[in-house]
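Colleague: Just passing along the structure, written as C-alpha cells.
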Amino acid sequence: MATQTSTAKPGAKQGFEEFCRETFDFKKAFGKPEALKGYRVLSCTQYILGPSCASYLAELGAEVIKIEAPRRGEAMRHTTPFNEPFLYPLSRWVPERGTGLGFLGANPNEYFISLDFHRPEGQAILKKLAAKSDVMVENYRPGTFERWGIGYRQLKEINPRLVYCWGPGRVRASYDILGQSQGGNFGMTGKQEFLGGAPSKHTIWLADYWGGMMGAVQILAALYWRDKISGEGTFTEYSQVHGVTRQLEYALPLYGRHGITRERWGNWDTQLCVHGIIKCGKSSYPKSENPQESEEGYILVSAYEDKDFARLCQAVGDGNLAGKYGKHDARVKAKSQMEIYPWLEKWAADKTKEQVAAILDKADINNQPVWNSKEVANHPHWLERGAVQWLDDPTYGDLLHQGPAYKMSETPPRLKWALKPVGADNEHILGKLAGLSSEDLRRLEEQECI
C-alpha cells in the first residue's frame with residue numbers, strides 16, 4: 001500500500017487504497033475485538049522456533065503464558081548481543097543482567113512465569129496449568145517431556161481437549177542454520193561457483209520464523225477440528241527441516257523429472273532475465289563511518305519481458321544488447337547473463353542506488369533499492385502500516401519493534417508489549433491458575449522451583 005496523499009474529492013466515492021488505509025489502520029486495532037481471545041496457550045519453548053509459534057497466537061489475542069527456567073530464563077535471552085546495557089533487569093533475582101535483543105521478535109504479548117520442569121513440584125504445577133489450557137507448545141529434544149511425565153500422552157489424560165504442538169529434530173537439537181542446511185536451502189543459496197562463491201546461510205532466522213508460523217497454522221486447524229468436529233485435542237509435530245524443504249520451489253520436481261540438481265545462481269535468476277540484483281558504484285552515505293552504510297549500494301532490476309528489456313537498454317544507452325538479446329530465450333541463458341549483468345553494473349558504477357532507481361523509474365522499469373535495517377526502520381511505508389512501530393513498552397519504555405505482518409479488518413492482530421523480565425507474572429498466573437498462595441510462592445522461590 002503506497003503512502004501518497006489521497007486525491008479523492010469530498011463526497012466522492014472512496015477509492016480502494018483509501019478504504020484499505022482506513023480499514024487497516026493499526027492505531028485503531030485496540031478498539032476492535034481479538035480473534036483468539038479466550039484461548040490459553042502454554043509456551044514451554046526456547047530460542048526462536050517454538051517461541052515464535054506461540055507469539056503469533058498472542059498477536060491474535062490468545063493468552064500465551066511463556067514458561068522459562070527460574071531466575072535466568074531461557075537461553076535465547078543470553079545468546080544475542082547487547083544483553084548488558086539494554087533491556088534490563090533480566091529478572092528481580094538477577095537485576096544486573098539484561099536480555100539480548102534477539103529475544104524480542106519471538107516473544108511479544110506474552111505473560112512470563114518461571115518453573116523448573118525437572119522437579120516433581122514443578123511438574124505438578126505444569127499439569128495444573130495444562131488442565132486449564134487449550135494449547136501447549138514445546139520444542140525440547142524428543143521424549144524429554146515424556147520422560148518428565150508432562151508429555152502429550154500424560155497431559156491428554158488430564159485434559160483430553162489439549163492441542164499439543166512439538167517441533168524439534170528427531171535425534172538431536174534443531175537450530176535454524178541446521179534446518180536450512182539439512183533441508184536443502186544452503187545448497188542452492190549463494191554466489192555462483194565461477195564467481196568464487198560458496199553455499200551461503202541466511203543472516204536472519206528464516207527457518208525458525210517460518211517454522212513458527214506453520215506451527216501456528218497447525219494449531220489453528222487443530223482448534224477448529226476440536227471445537228467444530230471432534231471435541232478432542234490433537235498431537236501435532238512440525239519439522240523445521242521439512243519446512244525448509246517445503247520452500248525449495250521447483251528444485252525437487254526438477255530433479256525428479258530430469259535428474260538435474262539445482263545450483264547456486266547468486267543474485268541473478270535462472271528462469272528470468274533481467275531479474276536480479278546489481279551493484280552500484282557509489283555509497284548512499286559516503287560520509288558515514290558505519291561500514292554497512294559506507295559500502296556501495298545494490299538494487300534489484302526487473303525487466304524480463306522483451307518490451308521492458310528494450311526500455312532498459314534505451315535508458316542505459318546501449319542498443320547493441322537490445323538487438324543481441326531482444327528475446328527472452330536468448331537472454332536467460334547462463335552465458336548471456338554473464339554478459340548482461342556485468343554490463344549493467346558497469347553502467348551503474350558511477351551512481352548510487354537512488355540515482356539508478358530514479359533513472360529506471362523514469363523509464364518505467366521495475367526496480368527496488370536494497371535497503372538496510374536503518375532504511376527500513378525509517379521508511380514511511382512501514383511506519384504507516386505498523387510493520388515497524390515505536391512501542392511504549394510498559395516495562396522497558398520506547399522500543400523499536402516489528403508489528404504483525406498481516407492485516408484483518410474486524411479482528412486485527414496487535415502489539416501490546418515486547419517482553420517482560422523472567423517470572424514477572426508468577427504471582428498473577430500461578431495464583432489464578434495453579435491456586436498457589438503467597439506463602440507457596442515464597443517457598444517455591446526460595447527453592448528455585450519458580
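For the C-alpha cells, the naming scheme is as follows: chains receive sequential letters (A, B, ...) according to their order of presentation, residues are indexed from 1 within each chain, and ligands are indexed from 1 in presentation order.
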As JSON, numbers by chain, please: all residues of stretch 236-313 of chain A that backbone DSSP puts in helix (DSSP H, G or I).

Modeller: {"A": [240, 241, 242, 243, 244, 245, 251, 252, 253, 254, 255, 256, 257, 258, 291, 292, 293, 294, 306, 307, 308, 309, 310, 311, 312, 313]}

Colleague: Counting only C-alpha atoms, what is within 9 Å of stretch 18-26 of chain A, bar same-chain residues fewer than 2 positions away, as a ChimeraX atom specification?

Modeller: /A:1,6,8,14-16,28-30,384-386,407-410,412-414

Colleague: Can you write out the residues you just picked, keeping C-alpha atoms, as a PDB file, in the first residue's frame?

Modeller:
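Contents of the output file again14.pdb:
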```pdb
ATOM      1  CA  MET A   1       0.000   0.000   0.000  1.00  0.00           C
ATOM      2  CA  SER A   6      -5.294  10.957  -1.050  1.00  0.00           C
ATOM      3  CA  ALA A   8     -10.274  11.905  -3.544  1.00  0.00           C
ATOM      4  CA  GLN A  14     -13.839   6.303  -1.516  1.00  0.00           C
ATOM      5  CA  GLY A  15     -11.079   4.703  -3.570  1.00  0.00           C
ATOM      6  CA  PHE A  16      -9.781   1.236  -2.778  1.00  0.00           C
ATOM      7  CA  LYS A  28      -7.338   1.585  15.625  1.00  0.00           C
ATOM      8  CA  ALA A  29      -6.680  -2.083  16.428  1.00  0.00           C
ATOM      9  CA  PHE A  30      -7.209  -1.738  20.171  1.00  0.00           C
ATOM     10  CA  GLU A 384       2.253   3.923   8.321  1.00  0.00           C
ATOM     11  CA  ARG A 385       1.320   0.244   8.118  1.00  0.00           C
ATOM     12  CA  GLY A 386       2.654  -0.546  11.580  1.00  0.00           C
ATOM     13  CA  LYS A 407      -3.945  -7.218   8.370  1.00  0.00           C
ATOM     14  CA  MET A 408      -7.514  -8.126   9.403  1.00  0.00           C
ATOM     15  CA  SER A 409     -10.380  -5.672   9.177  1.00  0.00           C
ATOM     16  CA  GLU A 410     -12.592  -6.852  12.061  1.00  0.00           C
ATOM     17  CA  PRO A 412      -6.768  -7.243  13.744  1.00  0.00           C
ATOM     18  CA  PRO A 413      -3.583  -8.579  15.320  1.00  0.00           C
ATOM     19  CA  ARG A 414      -1.780  -6.116  17.559  1.00  0.00           C
TER      20      ARG A 414
END
```

Colleague: Quick one: pull the distance between atom CA of A:Tyr140 and atom CA of A:Tyr175, Å, one decimal.

Modeller: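 These two atoms are separated by 11.6 Å.
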
Colleague: Go through A:Leu252, A:Cys44, A:Ala377, A:Met338 one by one, measure the shortest atom-to-atom distance of each to A:Phe112 using only C-alpha atoms, and give the residue with the smallest value.

Modeller: A:Cys44

Colleague: Calculate how many Å separate atom CA of A:Arg311 from atom CA of A:Ile299, rounding to one decimal.

Modeller: 17.4 Å

Colleague: With only C-alpha atoms as the counted atoms, please give the residues lying no more than 9 Å from stretch 115-125 of chain A, apart from itself and same-chain residues fewer than 6 positions off, as an MDAnalysis selection string.

Modeller: chainID A and resid 67:70 145 148:150 423 430 434 444 448:450

Colleague: Once you have the residues from the selection above, write them out as a short mmCIF file (atom, residue, chain, number, x, y, z; two decimals), in the first residue's frame, restricted to N, CA and C atoms.

Modeller:
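Saved file part-v4.cif follows:
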```cif
data_model
loop_
_atom_site.label_atom_id
_atom_site.label_comp_id
_atom_site.auth_asym_id
_atom_site.auth_seq_id
_atom_site.Cartn_x
_atom_site.Cartn_y
_atom_site.Cartn_z
N ILE A 67 6.80 -20.02 29.77
CA ILE A 67 7.35 -20.67 30.95
C ILE A 67 8.85 -20.87 30.75
N GLU A 68 9.64 -20.24 31.61
CA GLU A 68 11.10 -20.29 31.49
C GLU A 68 11.72 -20.91 32.74
N ALA A 69 13.01 -21.19 32.63
CA ALA A 69 13.76 -21.65 33.80
C ALA A 69 13.82 -20.53 34.84
N PRO A 70 13.78 -20.87 36.11
CA PRO A 70 13.79 -19.83 37.15
C PRO A 70 15.02 -18.94 37.09
N PHE A 145 9.94 -34.27 27.52
CA PHE A 145 8.77 -34.00 28.37
C PHE A 145 8.08 -35.29 28.79
N TRP A 148 9.82 -36.62 31.75
CA TRP A 148 9.48 -35.86 32.95
C TRP A 148 8.02 -36.06 33.38
N GLY A 149 7.27 -36.83 32.59
CA GLY A 149 5.88 -37.09 32.94
C GLY A 149 4.92 -35.99 32.54
N ILE A 150 5.35 -35.10 31.64
CA ILE A 150 4.49 -33.97 31.22
C ILE A 150 4.40 -33.88 29.71
N GLY A 423 9.81 -14.46 35.05
CA GLY A 423 8.94 -14.65 36.21
C GLY A 423 8.12 -13.44 36.60
N LEU A 430 0.26 -17.99 38.49
CA LEU A 430 0.29 -19.17 39.34
C LEU A 430 -0.74 -19.09 40.47
N ALA A 434 -2.99 -22.01 39.22
CA ALA A 434 -2.47 -23.15 39.98
C ALA A 434 -2.86 -23.10 41.45
N LEU A 444 8.50 -21.62 47.09
CA LEU A 444 8.99 -22.13 45.80
C LEU A 444 10.10 -21.25 45.22
N GLU A 448 14.04 -22.21 44.40
CA GLU A 448 14.34 -22.00 42.97
C GLU A 448 13.56 -22.97 42.08
N CYS A 449 12.35 -23.29 42.53
CA CYS A 449 11.45 -24.08 41.71
C CYS A 449 10.67 -23.19 40.76
N ILE A 450 10.48 -21.92 41.14
CA ILE A 450 9.85 -20.93 40.27
C ILE A 450 10.73 -19.67 40.24
#
```

Colleague: Would you mind listing what lies within 9 Å of A:Asn107 as a list of chain:residue names, with only C-alpha atoms counted and same-chain residues fewer than 6 positions away left out?

Modeller: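 Skipping anything fewer than 6 positions along the chain leaves A:Ile48, A:Pro51, A:Ser52, A:Ala54, A:Ser55, A:Tyr56, A:Ala58, A:Lys66, A:Ala418, A:Leu419.
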
Colleague: Listing only residues of stretch 346-402 of chain A within 9 Å of stretch 312-325 of chain A, what is the closest atom pair and its distance in Å (to one decimal) for each, using only C-alpha atoms, sorted by chain and residue number ascending, as a Markdown table?

Modeller:
```
| residue | atom | partner | partner_atom | distance |
| --- | --- | --- | --- | --- |
| A:Trp347 | CA | A:Val316 | CA | 6.9 |
| A:Ala348 | CA | A:Val316 | CA | 9.0 |
| A:Ile359 | CA | A:Ala315 | CA | 7.1 |
| A:Leu360 | CA | A:Ala315 | CA | 7.2 |
| A:Lys362 | CA | A:Ala315 | CA | 8.7 |
| A:Ala363 | CA | A:Ala315 | CA | 6.4 |
| A:Asp364 | CA | A:Leu312 | CA | 8.8 |
| A:Ile365 | CA | A:Leu312 | CA | 6.8 |
```

Colleague: So, counting only C-alpha atoms, which residue among A:Lys201, A:Arg77, A:Lys27, A:Lys132 is closest to A:Gln182?

Modeller: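 Among the listed residues, the smallest separation from A:Gln182 belongs to A:Lys201.
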
Colleague: Using only C-alpha atoms, find the one residue out of A:Tyr47, A:Lys228, A:Lys128, A:Leu155 that sits nearest to A:Pro168.

Modeller: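 Comparing A:Tyr47, A:Lys228, A:Lys128, A:Leu155 against A:Pro168, the winner is A:Tyr47.
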
Colleague: Can you tell me which residues surround stretch 206-210 of chain A at a distance of at most 12 Å, considering only C-alpha atoms, apart from same-chain residues fewer than 6 positions away, and format the answer as an NGL selection string?

Modeller: :A and (46-56 or 105-107 or 139 or 167-168 or 174-186 or 216-217 or 238-247 or 405)

Colleague: Where in stretch 310-393 of chain A does DSSP assign strand (DSSP E or B), given as a list in words?

Modeller: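 Secondary structure check on stretch 310-393 of chain A, strand (DSSP E or B): Asn366, Asn367, Gln368, Pro369, Val388, Gln389, Trp390, Leu391, Asp392 and Asp393 of chain A.
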
Colleague: Any chance you can output those residues with C-alpha atoms as a short mmCIF file (atom, residue, chain, number, x, y, z; two decimals), in the first residue's frame?

Modeller:
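Generated file (selection.cif):
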```
data_model
loop_
_atom_site.label_atom_id
_atom_site.label_comp_id
_atom_site.auth_asym_id
_atom_site.auth_seq_id
_atom_site.Cartn_x
_atom_site.Cartn_y
_atom_site.Cartn_z
CA ASN A 366 10.50 -2.15 -12.13
CA ASN A 367 13.23 -1.80 -9.51
CA GLN A 368 13.88 -1.76 -5.77
CA PRO A 369 16.96 -0.46 -3.99
CA VAL A 388 7.67 -1.20 12.22
CA GLN A 389 6.48 0.52 15.39
CA TRP A 390 7.86 2.58 18.22
CA LEU A 391 6.33 0.71 21.15
CA ASP A 392 5.79 2.30 24.56
CA ASP A 393 6.58 -0.91 26.42
#
```

Colleague: Which is closest to A:Asp350 among A:Lys287, A:Lys279, A:Arg442, A:Lys335, if we use only C-alpha atoms?

Modeller: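 For A:Asp350, the nearest of the candidates is A:Lys279.
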
Colleague: Enter the distance from atom CA of A:Cys165 to atom CA of A:Arg141, in Å, rounded to one decimal.

Modeller: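 Result for atom CA of A:Cys165 versus atom CA of A:Arg141: 13.1 Å, one decimal.
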
Colleague: Contacts of A:Glu345 at 10 Å or less, counting only C-alpha atoms, minus same-chain residues fewer than 2 places along, as a ChimeraX atom specification?

Modeller: /A:277-281,298,340-343,347-351

Colleague: Kindly indicate which residue among A:Ala173, A:Tyr39, A:Glu63, A:Leu129 lies nearest to A:Gly143, using only C-alpha atoms for the distances.

Modeller: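 Closest to A:Gly143 of all the choices is A:Ala173.
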
Colleague: Would you please work out which residue, of A:Pro253, A:Gly266, A:Gly151, A:Gly397, is nearest to A:Gly190 when using only C-alpha atoms?

Modeller: A:Gly266

Colleague: Find the residues around A:Leu42 up to 6 Å (only C-alpha atoms counted), leave out those fewer than 2 positions away in its own chain, and share them as a ChimeraX atom specification.

Modeller: /A:64-65,136

Colleague: Write the residues you've just listed into a file as a CSV table (one decimal), in the first residue's frame, and include C-alpha atoms for each of them.

Modeller:
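That gives us selection.csv:
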```
chain,number,residue,atom,x,y,z
A,64,VAL,CA,0.0,-17.0,26.0
A,65,ILE,CA,2.0,-18.0,29.1
A,136,MET,CA,0.7,-26.3,24.7
```
